[in-house]
Amino acid sequence: MASLPTPGEKKHQGLVAQMRATFGPVICAAIENPKVVEIMLNDNGQLLVESHGDGIAAAGTVPEQAGRNIISLVASWTGDIGNSDNPIVEGALPPEFGGARFEGVLPPCSPAPIFAIRLRARSIYTLADYESAGILTPAQHAAICAAVQAHKNILVSGGTGSGKTTLANAVLHHISEQSGLDDRLVLIEDTPELQCAAPNVVSLLTKDAVDMTRLLKATLRLRPNRMIVGEVRDKSALDLLKAWNTGHPGGIATLHANDPQAALLRLDQLCQEAGVPSQKELVHTAVDLVVQISRAANTPAGRKIDALYNVKAGVNL
């Protein structure tokens with residue numbers, strides 16, 4: 001006989017039902033669609049949906065009050081308040097919505113409610129899939145696989161929405177296929193987006209009181225063979241590079257930058273946020289390969305690998 005739900009479970013179920021009703025059928029259908037990667041509301045009420053391989057398409061409109069209600073409800077789920085005094089609401093949605101990442105902004109920081117819902121990949125796009133789609137050339141595919149096999153440190157660089165995390169997951173998939181129990185992976189993220197099926201893997205998430213730097217230091221005591229960071233965005237870059245350079249090769253990290261050289265420069269700048277001088281030498285010692293991905297409207301897949309930069313040789317592969 002099934003046990004009755006607890007009061008906490010009832011409250012959770014009620015909030016999820018309220019979210020579905022408030023989101024409405026269009027947003028809920030987009031969340032359920034495995035091809036959808038992002039759902040966005042603009043301040044003119046236009047709703048946009050981005051699907052993997054299909055780009056961004058208009059999906060109707062959302063009334064201003066409905067937008068406010070959605071942001072306020074997500075704030076309630078995260079234990080926050082969404083109003084004019086606290087106009088920015090962010091966090092992960094409930095598991096029933098795939099733990100999607102939510103970022104909402106209310107007036108007066110925006111003319112009208114806006115939000116973006118970033119969905120976790122529901123299926124892994126492998127490196128072979130990238131090659132089949134024409135995003136990755138056979139030579140680039142082979143170079144990435146060789147870097148994984150040789151335990152090289154790989155930096156996946158690109159602009160916002162370029163597909164850095166999805167590509168990092170493809171590289172992780174290849175690592176997982178090559179890994180045994182003696183190859184221990186530690187994943188470190190702000191929001192759970194990385195997916196890894198390796199036989200020996202643990203995941204760590206930052207919290208308000210525990211930042212990326214603290215987790216990286218803890219990771220060194222968790223016997224990692226490969227250290228994977230969802231996104232490098234602050235002074236924790238220094239700890240990551242030190243770890244990569246002192247007995248923990250074979251890692252992956254993503255970074256916002258427009259080209260490989262800019263990615264290496266940005267890493268150096270992030271290191272300097274820790275109050276140290278330029279770490280250019282450390283950057284070039286620790287990073288082996290920069291994989292640059294970008295949006296490409298003129299290609300069928302909407303993405304392309306712009307460059308594979310061998311840092312040690314200073315050449316594109």
# chains A, B, ... in the order shown; residues from 1 in each chain; ligands from 1
>>> closest_atom_pairs(of="region 74-172 of chain A", to="region 45-64 of chain A", cutoff="9 Å", atoms="only C-alpha atoms", output="CSV")
residue,atom,partner,partner_atom,distance
A:Ala112,CA,A:Glu64,CA,6.7
A:Pro113,CA,A:Glu64,CA,6.5
A:Ile114,CA,A:Gly45,CA,8.0
A:Ala133,CA,A:Gly53,CA,8.9
>>> residues_around(residues="Leu127 (chain A)", least_positions_apart="4", cutoff="7 Å", atoms="only C-alpha atoms", output="list in words")
Glu131, His141, Ala170 and Val171 of chain A
>>> closest_residue(among="A:Leu185, A:Asn245, A:His256, A:Ala263", to="Arg226 (chain A)", atoms="only C-alpha atoms")
A:Leu185
>>> closest_atom_pairs(of="region 39-135 of chain A", to="region 31-34 of chain A", cutoff="10 Å", atoms="only C-alpha atoms", output="tab-separated table")
residue	atom	partner	partner_atom	distance
A:Ile39	CA	A:Ile31	CA	8.1
A:Val49	CA	A:Ile31	CA	9.7
A:Ser51	CA	A:Pro34	CA	8.6
A:His52	CA	A:Pro34	CA	8.9
A:Glu96	CA	A:Glu32	CA	9.8
A:Phe97	CA	A:Ile31	CA	6.8
A:Gly98	CA	A:Ile31	CA	8.0
A:Ala100	CA	A:Ile31	CA	8.6
A:Ile117	CA	A:Ile31	CA	8.8
A:Arg118	CA	A:Ile31	CA	9.5
A:Leu119	CA	A:Ile31	CA	7.3
A:Arg120	CA	A:Pro34	CA	9.2
A:Ala121	CA	A:Pro34	CA	7.4
A:Arg122	CA	A:Pro34	CA	5.6
A:Ser123	CA	A:Pro34	CA	7.3
>>> write_last_selection(atoms="C-alpha atoms", output="PDB file, in the first residue's frame")
ATOM      1  CA  ILE A  39      13.082  29.955 -23.094  1.00  0.00           C
ATOM      2  CA  VAL A  49      12.259  29.561 -27.625  1.00  0.00           C
ATOM      3  CA  SER A  51      15.974  24.707 -29.882  1.00  0.00           C
ATOM      4  CA  HIS A  52      19.177  22.785 -30.522  1.00  0.00           C
ATOM      5  CA  GLU A  96       9.885  18.350 -12.162  1.00  0.00           C
ATOM      6  CA  PHE A  97      11.130  21.096 -14.508  1.00  0.00           C
ATOM      7  CA  GLY A  98      14.503  19.426 -14.987  1.00  0.00           C
ATOM      8  CA  ALA A 100      16.413  24.347 -15.258  1.00  0.00           C
ATOM      9  CA  ILE A 117      15.079  29.653 -18.506  1.00  0.00           C
ATOM     10  CA  ARG A 118      18.182  27.661 -19.433  1.00  0.00           C
ATOM     11  CA  LEU A 119      17.349  23.971 -19.734  1.00  0.00           C
ATOM     12  CA  ARG A 120      19.789  21.186 -19.021  1.00  0.00           C
ATOM     13  CA  ALA A 121      20.531  18.921 -21.967  1.00  0.00           C
ATOM     14  CA  ARG A 122      18.151  15.977 -21.894  1.00  0.00           C
ATOM     15  CA  SER A 123      20.350  13.970 -24.234  1.00  0.00           C
TER      16      SER A 123
END
>>> closest_residue(among="A:Thr191, A:Asn310, A:Ser132, A:Asn225", to="Thr246 (chain A)", atoms="only C-alpha atoms")
A:Asn225
>>> atom_distance(atom1="CA of Ser236 (chain A)", atom2="CA of Asp183 (chain A)")
23.6 Å
>>> atom_distance(atom1="CA of Asp288 (chain A)", atom2="CA of Ala301 (chain A)")
27.1 Å
>>> closest_residue(among="A:Thr206, A:Thr285, A:Gln140, A:Thr254", to="Asn169 (chain A)", atoms="only C-alpha atoms")
A:Thr254
>>> residues_around(residues="region 80-91 of chain A", least_positions_apart="6", cutoff="10 Å", atoms="only C-alpha atoms", output="PyMOL selection string")
chain A and resi 68-74+99-110+113-117+190-191
>>> write_last_selection(atoms="N, CA and C atoms", output="JSON list (two decimals), in the first residue's frame")
[["chain", "number", "residue", "atom", "x", "y", "z"],
["A", 68, "ARG", "N", 5.17, 38.80, -14.26],
["A", 68, "ARG", "CA", 5.43, 39.10, -12.85],
["A", 68, "ARG", "C", 5.11, 37.90, -11.97],
["A", 69, "ASN", "N", 3.99, 37.25, -12.26],
["A", 69, "ASN", "CA", 3.56, 36.10, -11.46],
["A", 69, "ASN", "C", 4.57, 34.95, -11.55],
["A", 70, "ILE", "N", 5.10, 34.73, -12.75],
["A", 70, "ILE", "CA", 6.09, 33.66, -12.93],
["A", 70, "ILE", "C", 7.33, 33.93, -12.10],
["A", 71, "ILE", "N", 7.83, 35.17, -12.18],
["A", 71, "ILE", "CA", 9.05, 35.51, -11.44],
["A", 71, "ILE", "C", 8.81, 35.45, -9.93],
["A", 72, "SER", "N", 7.67, 35.92, -9.49],
["A", 72, "SER", "CA", 7.35, 35.89, -8.06],
["A", 72, "SER", "C", 7.22, 34.46, -7.55],
["A", 73, "LEU", "N", 6.64, 33.60, -8.38],
["A", 73, "LEU", "CA", 6.46, 32.20, -7.97],
["A", 73, "LEU", "C", 7.81, 31.48, -7.88],
["A", 74, "VAL", "N", 8.69, 31.75, -8.83],
["A", 74, "VAL", "CA", 10.03, 31.14, -8.77],
["A", 74, "VAL", "C", 10.77, 31.66, -7.53],
["A", 99, "GLY", "N", 15.25, 20.91, -13.18],
["A", 99, "GLY", "CA", 16.27, 21.71, -12.50],
["A", 99, "GLY", "C", 16.81, 22.82, -13.37],
["A", 100, "ALA", "N", 15.98, 23.30, -14.33],
["A", 100, "ALA", "CA", 16.41, 24.35, -15.26],
["A", 100, "ALA", "C", 16.85, 25.60, -14.50],
["A", 101, "ARG", "N", 17.80, 26.32, -15.06],
["A", 101, "ARG", "CA", 18.32, 27.55, -14.44],
["A", 101, "ARG", "C", 17.43, 28.73, -14.83],
["A", 102, "PHE", "N", 17.01, 29.47, -13.83],
["A", 102, "PHE", "CA", 16.08, 30.59, -14.05],
["A", 102, "PHE", "C", 16.75, 31.90, -13.65],
["A", 103, "GLU", "N", 16.60, 32.91, -14.51],
["A", 103, "GLU", "CA", 17.07, 34.26, -14.21],
["A", 103, "GLU", "C", 15.95, 35.21, -14.60],
["A", 104, "GLY", "N", 15.40, 35.92, -13.62],
["A", 104, "GLY", "CA", 14.30, 36.85, -13.88],
["A", 104, "GLY", "C", 14.62, 38.24, -13.37],
["A", 105, "VAL", "N", 14.13, 39.26, -14.07],
["A", 105, "VAL", "CA", 14.36, 40.65, -13.68],
["A", 105, "VAL", "C", 13.04, 41.41, -13.74],
["A", 106, "LEU", "N", 12.75, 42.15, -12.68],
["A", 106, "LEU", "CA", 11.53, 42.94, -12.57],
["A", 106, "LEU", "C", 11.85, 44.43, -12.62],
["A", 107, "PRO", "N", 10.86, 45.27, -12.96],
["A", 107, "PRO", "CA", 11.06, 46.71, -12.81],
["A", 107, "PRO", "C", 11.40, 47.04, -11.36],
["A", 108, "PRO", "N", 12.22, 48.04, -11.08],
["A", 108, "PRO", "CA", 12.67, 49.08, -12.01],
["A", 108, "PRO", "C", 13.96, 48.75, -12.77],
["A", 109, "CYS", "N", 14.48, 47.51, -12.62],
["A", 109, "CYS", "CA", 15.71, 47.16, -13.33],
["A", 109, "CYS", "C", 15.45, 46.80, -14.79],
["A", 110, "SER", "N", 14.21, 46.66, -15.16],
["A", 110, "SER", "CA", 13.83, 46.43, -16.56],
["A", 110, "SER", "C", 12.49, 47.13, -16.79],
["A", 113, "PRO", "N", 8.68, 42.80, -16.86],
["A", 113, "PRO", "CA", 9.31, 41.53, -16.45],
["A", 113, "PRO", "C", 10.00, 40.83, -17.62],
["A", 114, "ILE", "N", 11.20, 40.35, -17.37],
["A", 114, "ILE", "CA", 11.92, 39.54, -18.35],
["A", 114, "ILE", "C", 12.51, 38.33, -17.63],
["A", 115, "PHE", "N", 12.69, 37.23, -18.37],
["A", 115, "PHE", "CA", 13.36, 36.08, -17.77],
["A", 115, "PHE", "C", 13.98, 35.22, -18.85],
["A", 116, "ALA", "N", 14.88, 34.36, -18.41],
["A", 116, "ALA", "CA", 15.47, 33.35, -19.28],
["A", 116, "ALA", "C", 15.52, 32.04, -18.49],
["A", 117, "ILE", "N", 15.05, 30.98, -19.11],
["A", 117, "ILE", "CA", 15.08, 29.65, -18.51],
["A", 117, "ILE", "C", 16.05, 28.81, -19.33],
["A", 190, "ASP", "N", 28.27, 25.99, -10.59],
["A", 190, "ASP", "CA", 27.35, 26.86, -9.88],
["A", 190, "ASP", "C", 25.92, 26.32, -10.00],
["A", 191, "THR", "N", 25.58, 25.83, -11.20],
["A", 191, "THR", "CA", 24.28, 25.24, -11.49],
["A", 191, "THR", "C", 24.52, 23.89, -12.15]]
>>> select_by_dssp(residues="region 125-240 of chain A", states="strand (DSSP E)", output="VMD selection string")
chain A and resid 154 to 158 185 to 189 201 to 205 226 to 229
>>> select_by_dssp(residues="region 54-203 of chain A", states="alpha helix (DSSP H)", output="number ranges by chain")
A: 64-77, 127-132, 138-149, 164-178
>>> write_last_selection(atoms="C-alpha atoms", output="short mmCIF file (atom, residue, chain, number, x, y, z; two decimals), in the first residue's frame")
data_model
loop_
_atom_site.label_atom_id
_atom_site.label_comp_id
_atom_site.auth_asym_id
_atom_site.auth_seq_id
_atom_site.Cartn_x
_atom_site.Cartn_y
_atom_site.Cartn_z
CA GLU A 64 3.05 41.64 -18.16
CA GLN A 65 1.17 40.47 -15.07
CA ALA A 66 1.74 36.84 -16.02
CA GLY A 67 5.46 37.55 -16.31
CA ARG A 68 5.43 39.10 -12.85
CA ASN A 69 3.56 36.10 -11.46
CA ILE A 70 6.09 33.66 -12.93
CA ILE A 71 9.05 35.51 -11.44
CA SER A 72 7.35 35.89 -8.06
CA LEU A 73 6.46 32.20 -7.97
CA VAL A 74 10.03 31.14 -8.77
CA ALA A 75 11.20 33.50 -6.01
CA SER A 76 8.84 31.71 -3.62
CA TRP A 77 10.35 28.37 -4.63
CA LEU A 127 31.60 14.41 -30.59
CA ALA A 128 30.51 12.09 -33.40
CA ASP A 129 27.17 13.96 -33.50
CA TYR A 130 29.06 17.25 -33.76
CA GLU A 131 31.04 15.89 -36.69
CA SER A 132 27.90 14.55 -38.40
CA PRO A 138 37.05 15.02 -38.71
CA ALA A 139 40.50 16.46 -37.96
CA GLN A 140 39.17 18.54 -35.07
CA HIS A 141 37.29 15.51 -33.72
CA ALA A 142 40.48 13.45 -33.81
CA ALA A 143 42.49 16.23 -32.13
CA ILE A 144 40.04 16.52 -29.22
CA CYS A 145 39.98 12.74 -28.73
CA ALA A 146 43.79 12.69 -28.75
CA ALA A 147 43.86 15.47 -26.14
CA VAL A 148 41.49 13.49 -23.91
CA GLN A 149 43.59 10.35 -24.29
CA LYS A 164 29.95 25.75 -24.47
CA THR A 165 28.33 23.51 -21.87
CA THR A 166 26.78 21.19 -24.46
CA LEU A 167 30.20 20.82 -26.09
CA ALA A 168 31.84 20.25 -22.70
CA ASN A 169 29.29 17.47 -22.11
CA ALA A 170 30.28 15.90 -25.44
CA VAL A 171 33.94 15.90 -24.36
CA LEU A 172 32.88 14.50 -20.97
CA HIS A 173 30.99 11.74 -22.77
CA HIS A 174 34.19 10.76 -24.58
CA ILE A 175 36.12 10.83 -21.29
CA SER A 176 33.44 8.61 -19.72
CA GLU A 177 33.79 6.06 -22.52
CA GLN A 178 37.54 5.87 -21.85
#
>>> atom_distance(atom1="CA of Ser294 (chain A)", atom2="CA of Val26 (chain A)")
28.2 Å
>>> residues_around(residues="Trp244 (chain A)", least_positions_apart="3", cutoff="9 Å", atoms="only C-alpha atoms", output="count of residues only")
13
>>> closest_residue(among="A:Ala313, A:Thr219, A:Lys242, A:Ser162", to="Leu282 (chain A)", atoms="only C-alpha atoms")
A:Lys242
>>> residues_around(residues="Asp259 (chain A)", least_positions_apart="2", cutoff="12 Å", atoms="only C-alpha atoms", output="list of chain:residue names")
A:Leu155, A:Val156, A:Ser157, A:Gly158, A:Gly159, A:Leu255, A:His256, A:Ala257, A:Gln261, A:Ala262, A:Ala263, A:Leu264, A:Leu265, A:Arg266, A:Val290, A:Val291, A:Gln292, A:Ile293, A:Ser294, A:Ile305, A:Asp306, A:Ala307, A:Leu308, A:Tyr309, A:Asn316
>>> closest_residue(among="A:Thr126, A:Ser278, A:Ser179, A:Asn44", to="His151 (chain A)", atoms="only C-alpha atoms")
A:Ser179
